[in-house]
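Student: Next comes the structure file input12.tsv, holding TSV, C-alpha atoms and all ligand atoms.
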```tsv
chain	number	residue	atom	x	y	z
A	6	MET	CA	65.07	114.82	96.49
A	7	ARG	CA	63.69	111.56	97.84
A	8	ILE	CA	62.10	111.98	101.26
A	9	ASN	CA	64.52	109.70	103.15
A	10	GLN	CA	67.49	111.57	101.67
A	11	TYR	CA	65.88	114.90	102.53
A	12	ILE	CA	65.41	113.86	106.17
A	13	ALA	CA	68.97	112.54	106.35
A	14	SER	CA	70.42	115.69	104.77
A	15	ALA	CA	68.66	117.78	107.40
A	16	GLY	CA	70.73	115.89	109.99
A	17	VAL	CA	67.72	114.25	111.68
A	18	THR	CA	68.79	110.65	111.18
A	19	SER	CA	70.13	108.19	108.59
A	20	ARG	CA	68.24	107.33	105.39
A	21	ARG	CA	67.43	103.86	106.68
A	22	LYS	CA	66.06	105.24	109.96
A	23	ALA	CA	64.14	107.84	107.95
A	24	ASP	CA	62.37	104.98	106.16
A	25	GLU	CA	61.44	103.57	109.56
A	26	LEU	CA	60.09	106.94	110.69
A	27	ILE	CA	57.93	107.05	107.57
A	28	ALA	CA	56.66	103.51	108.15
A	29	GLU	CA	55.79	104.48	111.74
A	30	GLY	CA	53.69	107.40	110.47
A	31	ARG	CA	55.92	109.99	112.12
A	32	VAL	CA	56.61	111.99	108.96
A	33	LYS	CA	54.17	114.52	107.54
A	34	VAL	CA	54.32	116.41	104.26
A	35	ASN	CA	52.15	119.50	103.99
A	36	GLY	CA	50.21	118.47	107.06
A	37	ALA	CA	49.37	114.90	105.96
A	38	VAL	CA	51.04	111.75	107.25
A	39	LEU	CA	53.28	110.41	104.51
A	40	THR	CA	52.45	106.91	103.39
A	41	SER	CA	54.75	106.64	100.39
A	42	PRO	CA	58.48	106.14	101.18
A	43	GLY	CA	59.30	106.93	97.54
A	44	TYR	CA	57.92	110.49	97.79
A	45	HIS	CA	60.08	113.20	96.21
A	46	VAL	CA	60.17	116.47	98.13
A	47	GLU	CA	59.36	119.51	96.03
A	48	GLU	CA	60.12	123.21	96.46
A	49	GLY	CA	57.68	124.64	99.02
A	50	ASP	CA	56.84	121.31	100.70
A	51	ILE	CA	56.60	121.47	104.46
A	52	VAL	CA	58.17	118.36	105.95
A	53	GLU	CA	57.70	117.50	109.64
A	54	VAL	CA	59.13	114.71	111.76
A	55	ASP	CA	57.32	114.13	115.06
A	56	GLY	CA	55.65	117.51	114.59
A	57	ALA	CA	58.91	119.46	114.14
A	58	ARG	CA	59.48	121.11	110.81
A	59	ILE	CA	62.76	120.16	109.17
A	60	GLU	CA	64.85	121.98	106.58
A	61	PRO	CA	67.57	120.69	104.27
A	62	ALA	CA	71.15	121.21	105.38
A	63	GLY	CA	72.57	124.68	104.76
A	64	LYS	CA	69.19	126.33	104.41
A	65	LYS	CA	68.86	129.64	106.19
A	66	VAL	CA	65.77	129.96	108.35
A	67	TYR	CA	64.28	133.06	109.95
A	68	TYR	CA	61.65	133.13	112.68
A	69	LEU	CA	59.87	135.74	114.68
A	70	LEU	CA	59.22	134.51	118.22
A	71	ASN	CA	56.95	136.00	120.86
A	72	LYS	CA	59.19	135.28	123.82
A	73	PRO	CA	57.46	134.39	127.08
A	74	ALA	CA	58.75	135.54	130.48
A	75	GLY	CA	60.93	132.96	132.20
A	76	TYR	CA	63.03	132.07	129.15
A	77	VAL	CA	66.72	132.83	128.63
A	78	THR	CA	67.72	134.50	125.37
A	79	SER	CA	70.61	132.16	124.77
A	80	THR	CA	71.47	128.76	123.33
A	81	ALA	CA	72.64	127.38	126.71
A	82	ASP	CA	72.18	128.19	130.39
A	83	LYS	CA	74.33	127.02	133.30
A	84	GLU	CA	71.33	127.15	135.63
A	85	GLY	CA	69.29	124.93	133.33
A	86	ARG	CA	66.55	127.52	132.80
A	87	PRO	CA	64.28	127.25	129.72
A	88	LEU	CA	65.84	128.53	126.50
A	89	VAL	CA	64.19	130.51	123.69
A	90	THR	CA	65.70	128.04	121.22
A	91	GLU	CA	63.37	125.36	122.63
A	92	LEU	CA	60.40	127.32	121.30
A	93	VAL	CA	61.38	127.07	117.63
A	94	PRO	CA	60.05	123.84	116.13
A	95	ASP	CA	62.80	123.25	113.62
A	96	SER	CA	65.54	120.67	113.29
A	97	VAL	CA	67.89	123.46	112.24
A	98	ARG	CA	69.75	125.03	115.15
A	99	VAL	CA	68.79	128.67	115.43
A	100	PHE	CA	70.01	131.36	117.76
A	101	PRO	CA	68.48	134.62	119.01
A	102	VAL	CA	69.35	137.95	117.39
A	103	GLY	CA	70.10	140.26	120.32
A	104	ARG	CA	68.72	139.82	123.81
A	105	LEU	CA	65.63	140.24	125.86
A	106	ASP	CA	65.83	139.93	129.65
A	107	TYR	CA	64.66	136.72	131.32
A	108	ASN	CA	61.37	138.37	132.30
A	109	THR	CA	60.84	140.46	129.17
A	110	THR	CA	58.34	139.16	126.64
A	111	GLY	CA	57.85	139.89	122.96
A	112	LEU	CA	59.51	140.12	119.62
A	113	LEU	CA	62.71	138.20	119.05
A	114	ILE	CA	64.22	137.18	115.72
A	115	MET	CA	65.69	133.67	115.64
A	116	THR	CA	67.86	132.50	112.78
A	117	ASN	CA	70.83	130.39	111.72
A	118	ASP	CA	72.06	133.19	109.43
A	119	GLY	CA	75.10	134.43	111.34
A	120	GLU	CA	75.97	137.10	108.83
A	121	LEU	CA	72.59	138.79	108.91
A	122	ALA	CA	72.34	138.37	112.70
A	123	ASN	CA	75.69	140.10	113.25
A	124	ALA	CA	74.75	142.92	110.90
A	125	LEU	CA	71.43	143.40	112.72
A	126	MET	CA	73.14	143.48	116.13
A	127	HIS	CA	75.84	145.95	115.10
A	128	PRO	CA	75.56	149.12	117.24
A	129	SER	CA	75.69	151.30	114.10
A	130	LYS	CA	72.32	149.87	113.05
A	131	GLU	CA	69.87	151.81	115.10
A	132	PHE	CA	66.52	150.18	114.52
A	133	ASP	CA	63.45	151.54	116.26
A	134	LYS	CA	62.72	149.24	119.18
A	135	LYS	CA	59.22	149.57	120.50
A	136	TYR	CA	58.24	148.39	124.00
A	137	LEU	CA	55.07	148.27	126.01
A	138	VAL	CA	55.91	149.00	129.64
A	139	ARG	CA	53.95	148.65	132.82
A	140	ALA	CA	55.77	150.80	135.34
A	141	GLN	CA	55.19	151.14	139.06
A	142	GLY	CA	53.32	154.28	140.14
A	143	ILE	CA	51.90	157.09	138.06
A	144	VAL	CA	54.30	158.48	135.47
A	145	THR	CA	53.81	162.22	134.99
A	146	ARG	CA	54.15	164.24	131.78
A	147	ASP	CA	57.32	165.86	133.19
A	148	GLU	CA	58.82	162.42	133.73
A	149	VAL	CA	57.89	161.49	130.17
A	150	LYS	CA	59.78	164.58	128.98
A	151	ARG	CA	62.83	163.46	130.96
A	152	LEU	CA	62.70	160.01	129.40
A	153	GLU	CA	62.32	161.54	125.94
A	154	ALA	CA	65.20	163.97	126.39
A	155	GLY	CA	67.57	161.30	127.72
A	156	VAL	CA	68.28	160.06	131.23
A	157	ASP	CA	71.45	158.94	132.98
A	158	ILE	CA	71.23	155.18	133.42
A	159	GLY	CA	74.57	154.89	135.21
A	160	GLY	CA	77.47	156.27	133.24
A	161	PHE	CA	75.45	156.60	130.05
A	162	VAL	CA	72.90	159.18	128.98
A	163	THR	CA	70.29	157.73	126.67
A	164	SER	CA	69.63	159.43	123.37
A	165	PRO	CA	66.23	160.93	122.52
A	166	ALA	CA	63.33	158.51	122.81
A	167	GLU	CA	59.61	158.66	122.14
A	168	VAL	CA	57.20	157.91	124.98
A	169	HIS	CA	53.41	157.70	124.90
A	170	LEU	CA	51.36	157.30	128.04
A	171	ALA	CA	48.50	154.88	127.44
A	172	LYS	CA	46.66	154.64	130.76
A	173	HIS	CA	47.17	154.18	134.44
A	174	ASP	CA	45.43	152.73	137.46
A	175	ARG	CA	46.07	153.57	141.10
A	176	ASN	CA	49.40	151.74	141.24
A	177	SER	CA	50.89	151.54	137.77
A	178	THR	CA	51.20	153.20	134.36
A	179	LEU	CA	51.07	151.62	130.93
A	180	ALA	CA	53.28	153.36	128.37
A	181	GLU	CA	54.87	152.77	125.00
A	182	ILE	CA	58.51	153.70	124.51
A	183	ILE	CA	60.53	153.73	121.30
A	184	ILE	CA	64.30	153.68	121.64
A	185	HIS	CA	67.07	153.32	119.08
A	186	GLU	CA	69.86	151.96	121.24
A	187	GLY	CA	70.22	148.60	122.89
A	188	LYS	CA	72.13	148.99	126.14
A	189	ASN	CA	71.80	146.19	128.65
A	190	ARG	CA	68.41	146.45	130.45
A	191	GLN	CA	68.01	149.88	128.91
A	192	VAL	CA	64.25	150.34	129.29
A	193	ARG	CA	64.26	149.03	132.86
A	194	ARG	CA	67.15	151.34	133.75
A	195	MET	CA	65.46	154.33	132.10
A	196	PHE	CA	62.29	153.87	134.15
A	197	GLU	CA	64.36	153.22	137.29
A	198	ALA	CA	66.10	156.55	136.62
A	199	ILE	CA	62.77	158.39	136.86
A	200	GLY	CA	61.72	156.46	139.96
A	201	HIS	CA	59.22	154.07	138.35
A	202	PRO	CA	60.58	150.52	138.24
A	203	VAL	CA	59.29	148.36	135.40
A	204	LEU	CA	56.76	145.73	136.42
A	205	GLU	CA	56.21	144.23	132.95
A	206	LEU	CA	58.02	144.72	129.68
A	207	CYS	CA	57.16	143.54	126.19
A	208	ARG	CA	58.96	144.32	122.94
A	209	THR	CA	56.24	144.93	120.35
A	210	GLY	CA	58.26	146.18	117.38
A	211	LEU	CA	61.70	146.10	115.81
A	212	GLY	CA	62.22	148.21	112.68
A	213	ASP	CA	59.32	147.35	110.39
A	214	LEU	CA	58.50	144.11	112.22
A	215	THR	CA	55.71	143.99	114.77
A	216	ILE	CA	54.60	141.22	117.08
A	217	GLY	CA	51.04	141.54	115.75
A	218	LYS	CA	48.69	138.78	116.90
A	219	LEU	CA	51.40	136.18	117.45
A	220	ALA	CA	50.53	134.43	120.71
A	221	ILE	CA	53.05	134.36	123.50
A	222	GLY	CA	55.41	131.38	123.16
A	223	GLN	CA	54.58	131.00	119.46
A	224	CYS	CA	56.82	131.67	116.49
A	225	ARG	CA	56.26	132.14	112.79
A	226	LYS	CA	58.55	132.12	109.80
A	227	LEU	CA	59.50	135.53	108.44
A	228	SER	CA	58.26	135.95	104.88
A	229	PRO	CA	60.86	136.29	102.10
A	230	ALA	CA	59.85	139.97	101.81
A	231	GLU	CA	60.46	140.53	105.55
A	232	VAL	CA	63.90	138.89	105.31
A	233	GLU	CA	64.72	141.00	102.26
A	234	ASN	CA	63.68	144.14	104.18
A	235	LEU	CA	66.03	143.24	107.01
A	236	ARG	CA	68.87	142.66	104.53
A	237	ARG	CA	68.18	146.02	102.91
A	238	ALA	CA	68.07	147.75	106.28
A	239	VAL	CA	71.59	146.62	107.22
A	240	LYS	CA	73.22	147.33	103.88
B	301	LIG	N1	65.24	146.87	127.76
B	301	LIG	C1	65.22	146.20	128.93
B	301	LIG	O1	65.35	146.78	129.99
B	301	LIG	N2	65.07	144.86	128.87
B	301	LIG	C2	64.89	144.17	127.73
B	301	LIG	O2	64.72	142.95	127.77
B	301	LIG	C3	64.90	144.89	126.54
B	301	LIG	C4	65.08	146.24	126.58
```
Could you write out this file's structure as structure tokens?
Ligand code: URA
Tutor:
Amino acid sequence: MRINQYIASAGVTSRRKADELIAEGRVKVNGAVLTSPGYHVEEGDIVEVDGARIEPAGKKVYYLLNKPAGYVTSTADKEGRPLVTELVPDSVRVFPVGRLDYNTTGLLIMTNDGELANALMHPSKEFDKKYLVRAQGIVTRDEVKRLEAGVDIGGFVTSPAEVHLAKHDRNSTLAEIIIHEGKNRQVRRMFEAIGHPVLELCRTGLGDLTIGKLAIGQCRKLSPAEVENLRRAVK
């Protein structure tokens, strides 16, 4: 497909305006500023307009975002707070799969694939969700056992979890917790239930996906194999 048609079909602007963008040097293909308006986009080309990657209409996109604190996991916010959708450099509108609290950081899938997103969020799909927690005070082994056995978080007793204490200083404890449910503010409520409010919370893993070395605020595309794995997991 000719580049101006490709840009127009992605909903960025009209074909004529696309030609202007090219002439102004605002379009890149595979990292290089495009100089030829007659260029034909090929499978695998990465096309950017003003630094934002664009995709042809109808294409499903899948990102893994390392959410920073101070962002709302939503596509709109009445209070005008920053949105996670602003962190995905794509002309395609994506939305978050599930939620992380405003002050929670870490792994969040962003996509425009509603079908897969709904399947992933369905309560029957109990993916391992791994979190790194900094909790107030020193968490004891007995308290770990309580968390692992299940605690009452206000009308709901959590199902068995895995907890590993990493280290502590005089005022706080660093621990990893793996849960399979996704109740609202579940990890925070679990630690509140044992008397150790959460000071910092980061989701580091979801099913087979891990946050790895992805810097906070950055996102990357999921590989076709990772998307296929997710599809298989919800079948
Ligand atoms: N549990 C919480 O308490 N908050 C999150 O953001 C995610 C899990």
Student: Would you mind listing the residues within 7 Å of ligand LIG 301 (chain B), counting all atoms listed in the file, as a list in words?
Tutor: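 With all atoms listed in the file and a cut-off of 7 Å, ligand LIG 301 (chain B) is contacted by Arg104, Leu105, Asp106, Thr109, Gly187, Asn189, Arg190, Gln191, Val192, Arg193, Arg194 and Arg208 of chain A.
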Student: Name all residues at most 8 Å from Leu125 in chain A (count only C-alpha atoms; drop same-chain ones fewer than 6 positions away) and give them as a compact mmCIF listing (two decimals) with C-alpha atoms, in the frame of the given file.
Tutor:
```txt
# COMPACT_ATOMS: atom_id res chain seq x y z
CA VAL A 102 69.35 137.95 117.39
CA LEU A 235 66.03 143.24 107.01
CA VAL A 239 71.59 146.62 107.22
```
Student: Taking only C-alpha atoms into account, which of A:Val38, A:Tyr136, A:Ala74, A:Gln10 comes nearest Ile221 in chain A?
Tutor: A:Ala74
Student: Check the smallest atom-to-atom distance from each of A:Ile59, A:Ala28, A:Val232, A:Leu152 to Arg98 in chain A using only C-alpha atoms, then report the winner.
Tutor: A:Ile59
Student: Nearest to Phe196 in chain A: which of A:Gln223, A:Ser164, A:Asn176, A:Gln141 is it, counting only C-alpha atoms?
Tutor: A:Gln141
Student: Do you know which residues are at most 9 Å from Lys22 in chain A counting only C-alpha atoms, after dropping those on the same chain fewer than 5 positions away, and could you put them as a list in words?
Tutor: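 My list of contacting residues is Asn9, Ala13 and Ile27 of chain A.
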Student: Which residue out of A:Glu84, A:Asp95, A:Asp174, A:Glu29 has the minimum interatomic distance to Glu53 in chain A when only C-alpha atoms are used?
Tutor: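 Closest to Glu53 in chain A of all the choices is A:Asp95.
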Student: From the list A:Arg225, A:Gly75, A:Ala81, A:Glu25, which residue is nearest Val54 in chain A when using all atoms listed in the file?
Tutor: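 When distances to Val54 in chain A are compared using all atoms listed in the file, the smallest one comes from A:Glu25.
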Student: For Glu167 in chain A, please output as an MDAnalysis selection string all residues within 7 Å (counting all atoms listed in the file; exclusion window: fewer than 3 positions along the same chain).
Tutor: chainID A and resid 153 182:184
Student: In Å, rounded to a single decimal, give me how far CA of Lys64 in chain A is from CA of Leu121 in chain A.
Tutor: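 According to the coordinates, CA of Leu121 in chain A and CA of Lys64 in chain A are separated by 13.7 Å.
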Student: May I have the protein, DNA and RNA residues with an atom at most 8 Å from (58.2, 104.7, 101.0), counting all atoms listed in the file in the file's coordinates, returned as number ranges by chain?
Tutor: A: 24, 27-28, 40-44
Student: Grab all the atoms of range 28-34 of chain A that the file lists, wrap them in a box along x, y and z, add 4 Å per side, and give me centre plus edge lengths in Å (one decimal) as lines of an AutoDock Vina configuration file.
Tutor:
```
center_x = 55.2
center_y = 110.0
center_z = 108.2
size_x = 11.0
size_y = 20.9
size_z = 15.9
```
Student: Might you pull out every residue within 6 Å of Arg139 in chain A, with all atoms listed in the file counted and same-chain residues fewer than 3 positions away left off, and present them as a list of chain:residue names?
Tutor: A:Thr178, A:Leu179, A:Val203, A:Leu204, A:Glu205
Student: Using C-alpha atoms, can you export the residues from the last selection as a CSV table (one decimal), in the frame of the given file?
Tutor:
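Output below, filename part.csv:
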```csv
chain,number,residue,atom,x,y,z
A,178,THR,CA,51.2,153.2,134.4
A,179,LEU,CA,51.1,151.6,130.9
A,203,VAL,CA,59.3,148.4,135.4
A,204,LEU,CA,56.8,145.7,136.4
A,205,GLU,CA,56.2,144.2,133.0
```
